file upload12.cif (mmCIF, C-alpha atoms and all ligand atoms)
data_final
loop_
_atom_site.label_atom_id
_atom_site.label_comp_id
_atom_site.auth_asym_id
_atom_site.auth_seq_id
_atom_site.Cartn_x
_atom_site.Cartn_y
_atom_site.Cartn_z
CA MET A 1 -36.67 -37.52 6.45
CA THR A 2 -32.97 -36.95 5.92
CA VAL A 3 -31.97 -36.10 2.37
CA ARG A 4 -28.59 -37.78 1.63
CA VAL A 5 -27.17 -36.43 -1.61
CA VAL A 6 -24.41 -37.87 -3.79
CA CYS A 7 -22.73 -35.60 -6.35
CA ILE A 8 -21.90 -37.22 -9.70
CA GLY A 9 -18.48 -35.78 -10.60
CA GLY A 10 -15.49 -34.62 -8.62
CA GLY A 11 -13.89 -31.62 -10.37
CA GLY A 12 -14.17 -27.85 -10.17
CA HIS A 13 -17.91 -27.72 -10.77
CA ALA A 14 -18.44 -30.30 -8.04
CA ALA A 15 -16.67 -27.99 -5.57
CA VAL A 16 -19.16 -25.22 -6.36
CA VAL A 17 -22.12 -27.60 -6.14
CA ILE A 18 -20.90 -29.02 -2.81
CA ASP A 19 -20.35 -25.54 -1.39
CA SER A 20 -23.90 -24.59 -2.44
CA LEU A 21 -25.30 -27.78 -0.84
CA GLN A 22 -23.43 -27.02 2.38
CA GLU A 23 -24.87 -23.47 2.36
CA MET A 24 -28.36 -24.93 1.83
CA ALA A 25 -27.85 -27.37 4.69
CA ARG A 26 -26.94 -24.45 6.98
CA ASN A 27 -29.71 -22.12 5.83
CA SER A 28 -32.72 -23.91 4.33
CA GLY A 29 -34.19 -25.93 7.17
CA VAL A 30 -34.02 -29.06 4.98
CA ASN A 31 -32.46 -32.00 6.81
CA LEU A 32 -29.72 -32.30 4.22
CA GLU A 33 -26.44 -34.21 4.22
CA VAL A 34 -23.83 -34.27 1.45
CA ALA A 35 -22.81 -37.93 1.61
CA GLY A 36 -20.03 -37.82 -0.99
CA PHE A 37 -19.32 -37.84 -4.70
CA THR A 38 -18.56 -40.32 -7.46
CA ASP A 39 -15.75 -39.67 -9.91
CA ALA A 40 -14.10 -41.23 -12.94
CA THR A 41 -11.63 -42.74 -10.43
CA ASP A 42 -12.37 -44.02 -6.93
CA LYS A 43 -9.08 -42.49 -5.70
CA ALA A 44 -10.14 -38.84 -5.86
CA LEU A 45 -9.27 -36.65 -2.88
CA PRO A 46 -12.06 -35.22 -0.69
CA ILE A 47 -13.68 -31.97 -1.77
CA LEU A 48 -14.45 -29.45 1.01
CA GLY A 49 -14.38 -32.34 3.49
CA VAL A 50 -16.72 -34.49 1.37
CA PRO A 51 -15.33 -37.96 0.43
CA CYS A 52 -15.15 -39.77 -2.89
CA LEU A 53 -17.45 -42.79 -2.49
CA GLY A 54 -16.35 -44.61 -5.66
CA THR A 55 -17.23 -44.53 -9.34
CA ASP A 56 -20.65 -44.43 -11.03
CA ALA A 57 -20.47 -48.23 -11.36
CA ASP A 58 -20.72 -48.39 -7.56
CA LEU A 59 -23.92 -46.31 -7.33
CA ARG A 60 -26.39 -49.16 -6.75
CA SER A 61 -24.38 -50.63 -3.88
CA LEU A 62 -23.68 -47.16 -2.45
CA ILE A 63 -27.43 -46.45 -2.14
CA SER A 64 -27.85 -48.96 0.68
CA ARG A 65 -24.35 -48.70 2.15
CA GLU A 66 -24.42 -44.88 2.36
CA ARG A 67 -28.23 -44.51 2.72
CA LEU A 68 -28.29 -42.28 -0.37
CA THR A 69 -31.64 -40.77 -1.38
CA HIS A 70 -30.83 -38.09 -3.98
CA PHE A 71 -28.23 -37.12 -6.59
CA ILE A 72 -27.05 -34.06 -8.42
CA VAL A 73 -25.00 -34.12 -11.62
CA ALA A 74 -21.86 -32.18 -10.67
CA VAL A 75 -19.90 -32.47 -13.91
CA GLY A 76 -20.06 -29.07 -15.59
CA SER A 77 -18.53 -29.80 -18.96
CA ILE A 78 -21.04 -30.32 -21.75
CA LYS A 79 -18.54 -31.20 -24.48
CA GLY A 80 -20.22 -33.33 -27.14
CA GLY A 81 -23.54 -31.49 -27.10
CA GLY A 82 -24.33 -31.97 -23.45
CA ASN A 83 -24.48 -35.75 -23.69
CA LEU A 84 -22.33 -36.49 -20.68
CA ARG A 85 -24.48 -34.50 -18.26
CA ALA A 86 -27.64 -36.01 -19.75
CA GLN A 87 -26.17 -39.53 -19.60
CA LEU A 88 -25.11 -39.14 -15.97
CA PHE A 89 -28.58 -37.88 -15.08
CA SER A 90 -30.22 -40.96 -16.65
CA LEU A 91 -27.68 -43.30 -15.09
CA ALA A 92 -28.25 -42.00 -11.55
CA GLU A 93 -32.05 -42.08 -11.98
CA ALA A 94 -31.86 -45.65 -13.29
CA ALA A 95 -29.83 -46.61 -10.21
CA GLY A 96 -32.81 -45.55 -8.09
CA LEU A 97 -31.87 -42.06 -6.91
CA VAL A 98 -34.07 -38.96 -7.03
CA PRO A 99 -32.69 -35.75 -8.62
CA PHE A 100 -32.08 -33.01 -6.05
CA THR A 101 -32.47 -29.32 -6.87
CA VAL A 102 -29.74 -27.04 -5.51
CA ILE A 103 -30.68 -23.43 -4.82
CA HIS A 104 -27.92 -21.29 -3.31
CA PRO A 105 -29.41 -19.14 -0.53
CA SER A 106 -27.98 -15.96 -2.09
CA SER A 107 -29.81 -16.48 -5.40
CA ILE A 108 -33.04 -14.57 -6.10
CA ILE A 109 -35.90 -16.54 -7.64
CA ALA A 110 -39.34 -15.07 -8.38
CA GLY A 111 -42.25 -16.94 -6.81
CA SER A 112 -43.78 -17.64 -10.22
CA ALA A 113 -40.57 -19.14 -11.68
CA ARG A 114 -40.40 -22.93 -11.97
CA ILE A 115 -37.16 -24.88 -11.57
CA ALA A 116 -37.34 -28.57 -12.51
CA CYS A 117 -35.61 -31.26 -10.50
CA GLY A 118 -31.88 -31.81 -10.61
CA SER A 119 -31.00 -28.24 -11.57
CA VAL A 120 -28.56 -25.97 -9.75
CA VAL A 121 -28.96 -22.24 -9.19
CA MET A 122 -25.63 -20.83 -8.06
CA ALA A 123 -24.68 -17.93 -5.83
CA GLY A 124 -25.97 -14.54 -6.93
CA ALA A 125 -28.09 -15.83 -9.82
CA VAL A 126 -31.35 -13.99 -10.52
CA ILE A 127 -34.42 -15.69 -12.02
CA GLN A 128 -37.37 -13.45 -12.80
CA PRO A 129 -41.16 -14.09 -13.03
CA ARG A 130 -42.64 -16.94 -15.11
CA VAL A 131 -39.23 -18.33 -16.08
CA GLN A 132 -39.21 -22.10 -16.64
CA VAL A 133 -35.98 -24.01 -16.08
CA GLY A 134 -35.79 -27.66 -17.19
CA GLN A 135 -34.15 -30.65 -15.52
CA ASN A 136 -30.42 -30.88 -14.86
CA VAL A 137 -29.76 -27.24 -15.82
CA ILE A 138 -26.90 -25.13 -14.44
CA VAL A 139 -27.76 -21.48 -13.79
CA ASN A 140 -24.24 -20.53 -12.82
CA THR A 141 -22.80 -17.79 -10.62
CA ARG A 142 -24.48 -14.39 -11.13
CA ALA A 143 -26.24 -15.43 -14.32
CA SER A 144 -29.61 -13.76 -14.84
CA LEU A 145 -32.75 -14.99 -16.57
CA ASP A 146 -35.31 -12.29 -17.18
CA HIS A 147 -39.09 -12.69 -17.31
CA ASP A 148 -40.72 -15.50 -19.31
CA CYS A 149 -37.52 -17.25 -20.40
CA CYS A 150 -37.67 -20.98 -21.02
CA ILE A 151 -34.50 -23.03 -20.48
CA GLY A 152 -34.36 -26.62 -21.80
CA HIS A 153 -33.07 -29.71 -20.01
CA HIS A 154 -29.31 -30.13 -19.42
CA ALA A 155 -28.49 -26.57 -20.52
CA HIS A 156 -25.70 -24.53 -18.93
CA VAL A 157 -25.98 -20.77 -18.47
CA ALA A 158 -22.41 -19.90 -17.46
CA PRO A 159 -21.32 -17.27 -14.91
CA GLY A 160 -22.46 -13.72 -15.57
CA ALA A 161 -24.53 -14.51 -18.67
CA ILE A 162 -27.50 -12.17 -19.14
CA VAL A 163 -30.61 -13.64 -20.76
CA LEU A 164 -33.29 -11.03 -21.49
CA GLY A 165 -37.06 -11.52 -21.42
CA GLY A 166 -38.87 -14.17 -23.45
CA VAL A 167 -35.75 -16.01 -24.62
CA VAL A 168 -36.06 -19.74 -25.39
CA ILE A 169 -32.92 -21.83 -24.85
CA ASP A 170 -33.43 -25.39 -26.07
CA ASP A 171 -32.04 -28.57 -24.47
CA SER A 172 -28.29 -29.01 -23.89
CA CYS A 173 -27.24 -25.49 -24.95
CA HIS A 174 -24.13 -23.82 -23.55
CA ILE A 175 -24.45 -20.08 -22.96
CA GLY A 176 -20.89 -18.89 -22.30
CA ALA A 177 -19.73 -16.68 -19.48
CA GLY A 178 -20.80 -13.08 -19.83
CA ALA A 179 -22.83 -13.68 -23.00
CA ILE A 180 -25.89 -11.49 -23.59
CA ILE A 181 -29.01 -12.90 -25.28
CA LEU A 182 -31.41 -10.21 -26.44
CA GLN A 183 -35.16 -10.52 -25.82
CA ASN A 184 -37.37 -13.11 -27.54
CA VAL A 185 -34.46 -14.84 -29.32
CA ARG A 186 -34.55 -18.63 -29.71
CA ILE A 187 -31.35 -20.67 -29.21
CA GLY A 188 -31.59 -24.07 -30.96
CA ARG A 189 -30.97 -27.42 -29.33
CA GLY A 190 -27.34 -28.08 -28.43
CA ALA A 191 -26.09 -24.67 -29.62
CA THR A 192 -23.06 -22.99 -28.07
CA ILE A 193 -22.73 -19.26 -27.49
CA ALA A 194 -19.09 -18.32 -26.89
CA ALA A 195 -18.18 -16.34 -23.80
CA GLY A 196 -18.88 -12.64 -24.18
CA GLY A 197 -21.00 -13.02 -27.31
CA THR A 198 -24.09 -10.91 -27.91
CA VAL A 199 -26.92 -12.80 -29.60
CA VAL A 200 -29.35 -10.58 -31.50
CA ARG A 201 -31.16 -13.15 -33.67
CA ASP A 202 -32.22 -16.81 -33.52
CA VAL A 203 -29.46 -19.44 -33.45
CA ALA A 204 -29.85 -22.80 -35.26
CA ASP A 205 -29.68 -26.21 -33.58
CA GLY A 206 -26.10 -27.23 -32.88
CA ALA A 207 -24.60 -23.93 -34.09
CA VAL A 208 -21.54 -22.37 -32.44
CA VAL A 209 -21.60 -18.58 -32.53
CA LYS A 210 -19.37 -15.86 -31.08
CA GLY A 211 -18.79 -12.11 -31.09
CA THR A 212 -21.05 -9.07 -31.20
CA PRO A 213 -23.39 -9.51 -32.94
CA ALA A 214 -22.84 -13.24 -32.57
CA ARG A 215 -22.54 -15.25 -35.83
O1 LIG A 301 -18.50 -40.28 -16.26
C1 LIG A 301 -18.10 -39.64 -15.29
C2 LIG A 301 -17.06 -38.67 -15.38
N1 LIG A 301 -16.31 -38.19 -16.41
C3 LIG A 301 -15.49 -37.27 -15.87
N2 LIG A 301 -18.63 -39.85 -14.04
C4 LIG A 301 -18.22 -39.17 -12.93
N3 LIG A 301 -18.80 -39.42 -11.76
N4 LIG A 301 -17.25 -38.24 -12.99
C5 LIG A 301 -16.68 -38.01 -14.19
N5 LIG A 301 -15.71 -37.16 -14.54
C6 LIG A 301 -15.04 -36.29 -13.58
O2 LIG A 301 -15.52 -34.97 -13.78
C7 LIG A 301 -13.54 -36.18 -13.75
O3 LIG A 301 -12.88 -37.28 -13.16
C8 LIG A 301 -13.27 -34.87 -13.00
O4 LIG A 301 -13.14 -35.06 -11.62
C9 LIG A 301 -14.54 -34.07 -13.27
C10 LIG A 301 -14.35 -32.95 -14.27
O5 LIG A 301 -13.61 -31.96 -13.59
P1 LIG A 301 -13.19 -30.58 -14.24
O6 LIG A 301 -12.74 -29.70 -13.12
O7 LIG A 301 -12.25 -30.84 -15.37
O8 LIG A 301 -14.51 -30.03 -14.93
P2 LIG A 301 -15.93 -29.69 -14.32
O9 LIG A 301 -16.90 -30.27 -15.25
O10 LIG A 301 -16.00 -30.03 -12.89
O11 LIG A 301 -15.99 -28.10 -14.41
C11 LIG A 301 -16.01 -27.46 -15.68
O12 LIG A 301 -17.28 -26.85 -15.89
C12 LIG A 301 -17.60 -25.85 -14.90
C13 LIG A 301 -19.01 -25.35 -15.20
C14 LIG A 301 -14.88 -26.42 -15.66
O13 LIG A 301 -14.76 -25.87 -16.94
C15 LIG A 301 -15.18 -25.34 -14.64
O14 LIG A 301 -14.19 -24.31 -14.67
C16 LIG A 301 -16.57 -24.74 -14.89
N6 LIG A 301 -16.87 -23.75 -13.86
#
call {"tool": "encode", "arguments": {"input": "upload12.cif", "output": "structure tokens"}}
result
Amino acid sequence: MTVRVVCIGGGGHAAVVIDSLQEMARNSGVNLEVAGFTDATDKALPILGVPCLGTDADLRSLISRERLTHFIVAVGSIKGGGNLRAQLFSLAEAAGLVPFTVIHPSSIIAGSARIACGSVVMAGAVIQPRVQVGQNVIVNTRASLDHDCCIGHHAHVAPGAIVLGGVVIDDSCHIGAGAIILQNVRIGRGATIAAGGTVVRDVADGAVVKGTPAR
């Protein structure tokens, strides 16, 4: 079977997702084709040779016309508590597509870790034993998740973030670039940790914290 993936979104994050898909296609043995992407406008320029197929409203007709089988949400922004990424995930599933999981070949993932469908693990990321990653999560470039972490659906762990053992990150959180989350801390649903922050204690649902220690 040929996997024909459409990316939902056509900005900077989509470029990184498409590059990772192209690396997978070259290295994974999966019969994988990146068919194109949808964007807010159907006039977007190609990304890394991959064409804009239209807008999300075109998805149902694109499935038969482009023989699409799978999708990946390729909008990175989670402004508004992660709703856009969650909404796009539901929309593409409702159209009849299956979420595809993107694993860059240069990432390191322990055999006992579990990555749910529709998530992306970017170049250089490290995921240690017994970690659980939910659906539609971004584990971005060189982020690391140590043993026994649990990452909720639609969360984004930005480049270079370091999440120590036993941390729980609830749905739709944003862990900023270079942030450090100390072991066994719980980050509440929809919380944002600013880039470079160091989290030493639990963070409430929806809170925005920054600095060292983050507050
Ligand atoms: O509803 C939508 C929609 N809304 C915006 N459907 C679809 N299919 N696409 C949508 N978009 C598109 O997302 C915009 O037209 C635009 O092409 C793209 C957003 O691009 P931008 O480069 O502004 O952001 P991004 O989400 O791709 O990347 C952000 O997040 C990444 C994790 C940036 O902050 C990056 O620097 C960051 N690495």
call {"tool": "residues_around", "arguments": {"input": "upload12.cif", "residues": "Met1 in chain A", "least_positions_apart": "4", "cutoff": "12 Å", "atoms": "only C-alpha atoms", "output": "JSON list (two decimals) with C-alpha atoms, in the coordinates of the input"}}
result
[["chain", "number", "residue", "atom", "x", "y", "z"],
["A", 29, "GLY", "CA", -34.19, -25.93, 7.17],
["A", 30, "VAL", "CA", -34.02, -29.06, 4.98],
["A", 31, "ASN", "CA", -32.46, -32.00, 6.81],
["A", 32, "LEU", "CA", -29.72, -32.30, 4.22],
["A", 33, "GLU", "CA", -26.44, -34.21, 4.22],
["A", 67, "ARG", "CA", -28.23, -44.51, 2.72],
["A", 68, "LEU", "CA", -28.29, -42.28, -0.37],
["A", 69, "THR", "CA", -31.64, -40.77, -1.38],
["A", 70, "HIS", "CA", -30.83, -38.09, -3.98]]
call {"tool": "closest_atom_pairs", "arguments": {"input": "upload12.cif", "of": "chain A", "to": "ligand LIG 301 (chain A)", "cutoff": "10 Å", "atoms": "all atoms listed in the file", "output": "CSV"}}
result
residue,atom,partner,partner_atom,distance
A:Val6,CA,A:LIG301,N3,9.9
A:Cys7,CA,A:LIG301,N3,7.7
A:Ile8,CA,A:LIG301,N3,4.3
A:Gly9,CA,A:LIG301,N4,3.6
A:Gly10,CA,A:LIG301,O4,3.8
A:Gly11,CA,A:LIG301,O5,3.2
A:Gly12,CA,A:LIG301,O6,3.8
A:His13,CA,A:LIG301,O10,3.7
A:Ala14,CA,A:LIG301,O10,5.4
A:Ala15,CA,A:LIG301,O10,7.6
A:Val16,CA,A:LIG301,N6,8.0
A:Val17,CA,A:LIG301,O10,9.4
A:Phe37,CA,A:LIG301,N3,7.3
A:Thr38,CA,A:LIG301,N3,4.4
A:Asp39,CA,A:LIG301,N3,3.6
A:Ala40,CA,A:LIG301,O3,4.1
A:Thr41,CA,A:LIG301,O3,6.2
A:Asp42,CA,A:LIG301,O3,9.2
A:Lys43,CA,A:LIG301,O3,9.9
A:Ala44,CA,A:LIG301,O4,7.5
A:Leu45,CA,A:LIG301,O4,9.7
A:Cys52,CA,A:LIG301,N3,9.6
A:Leu53,CA,A:LIG301,N3,10.0
A:Gly54,CA,A:LIG301,N3,8.4
A:Thr55,CA,A:LIG301,N3,5.9
A:Asp56,CA,A:LIG301,N3,5.4
A:Ala57,CA,A:LIG301,N3,9.0
A:Leu59,CA,A:LIG301,N3,9.7
A:Val73,CA,A:LIG301,N3,8.2
A:Ala74,CA,A:LIG301,O10,6.6
A:Val75,CA,A:LIG301,O9,4.0
A:Gly76,CA,A:LIG301,O9,3.4
A:Ser77,CA,A:LIG301,O9,4.1
A:Ile78,CA,A:LIG301,O9,7.7
A:Lys79,CA,A:LIG301,O9,9.4
A:Leu84,CA,A:LIG301,O1,7.0
A:Arg85,CA,A:LIG301,O1,8.6
A:Gln87,CA,A:LIG301,O1,8.4
A:Leu88,CA,A:LIG301,O1,6.7
A:Leu91,CA,A:LIG301,O1,9.7
A:Ala92,CA,A:LIG301,N3,9.8
A:Ile138,CA,A:LIG301,C13,7.9
A:Val139,CA,A:LIG301,C13,9.7
A:Asn140,CA,A:LIG301,C13,7.5
A:Thr141,CA,A:LIG301,N6,9.0
A:His156,CA,A:LIG301,C13,7.7
A:Val157,CA,A:LIG301,C13,9.0
A:Ala158,CA,A:LIG301,C13,6.8
A:Pro159,CA,A:LIG301,N6,7.9
A:His174,CA,A:LIG301,C13,9.9
A:Gly176,CA,A:LIG301,C13,9.8
A:Ala177,CA,A:LIG301,N6,9.5
call {"tool": "atom_distance", "arguments": {"input": "upload12.cif", "atom1": "CA of Val133 in chain A", "atom2": "CA of Arg201 in chain A"}}
result
21.2 Å
call {"tool": "residues_around", "arguments": {"input": "upload12.cif", "residues": "Pro99 in chain A", "least_positions_apart": "5", "cutoff": "10 Å", "atoms": "all atoms listed in the file", "output": "list in words"}}
result
Val5, Val6, Thr69, His70, Phe71, Ile72, Val73, Phe89, Ser90, Ala92, Glu93, Ala116, Cys117, Gly118, Ser119, Gln135 and Asn136 of chain A
call {"tool": "atom_distance", "arguments": {"input": "upload12.cif", "atom1": "CA of Ala155 in chain A", "atom2": "CA of Gly49 in chain A"}}
result
28.4 Å
call {"tool": "closest_residue", "arguments": {"input": "upload12.cif", "among": "A:Ile18, A:Cys173, A:Val131, A:Ala179", "to": "Asp205 in chain A", "atoms": "all atoms listed in the file"}}
result
A:Cys173
call {"tool": "atom_distance", "arguments": {"input": "upload12.cif", "atom1": "CA of Asp170 in chain A", "atom2": "CA of His154 in chain A"}}
result
9.1 Å
call {"tool": "residues_around", "arguments": {"input": "upload12.cif", "residues": "range 126-129 of chain A", "least_positions_apart": "4", "cutoff": "7 Å", "atoms": "all atoms listed in the file", "output": "MDAnalysis selection string"}}
result
chainID A and resid 107:113 142:148
call {"tool": "closest_residue", "arguments": {"input": "upload12.cif", "among": "A:Val163, A:Ala204, A:Ala94, A:Val168", "to": "Ile151 in chain A", "atoms": "only C-alpha atoms"}}
result
A:Val168
call {"tool": "closest_residue", "arguments": {"input": "upload12.cif", "among": "A:Ile181, A:Val203, A:Val121, A:Ile193", "to": "Phe100 in chain A", "atoms": "all atoms listed in the file"}}
result
A:Val121
call {"tool": "residues_around", "arguments": {"input": "upload12.cif", "residues": "Ser20 in chain A", "least_positions_apart": "4", "cutoff": "10 Å", "atoms": "all atoms listed in the file", "output": "list in words"}}
result
Ala14, Ala15, Val16, Met24, Ala25, Arg26, Val102, Ile103, His104, Pro105, Ser106, Val120, Val121, Met122 and Ala123 of chain A
call {"tool": "closest_residue", "arguments": {"input": "upload12.cif", "among": "A:Ile63, A:Gly160, A:His153, A:Asp171", "to": "Val98 in chain A", "atoms": "only C-alpha atoms"}}
result
A:Ile63
call {"tool": "axis_aligned_box", "arguments": {"input": "upload12.cif", "around": "range 25-36 of chain A", "padding_each_side": "6 Å", "output": "AutoDock Vina command-line options"}}
result
--center_x -27.1 --center_y -30.0 --center_z 3.1 --size_x 26.2 --size_y 27.8 --size_z 20.2
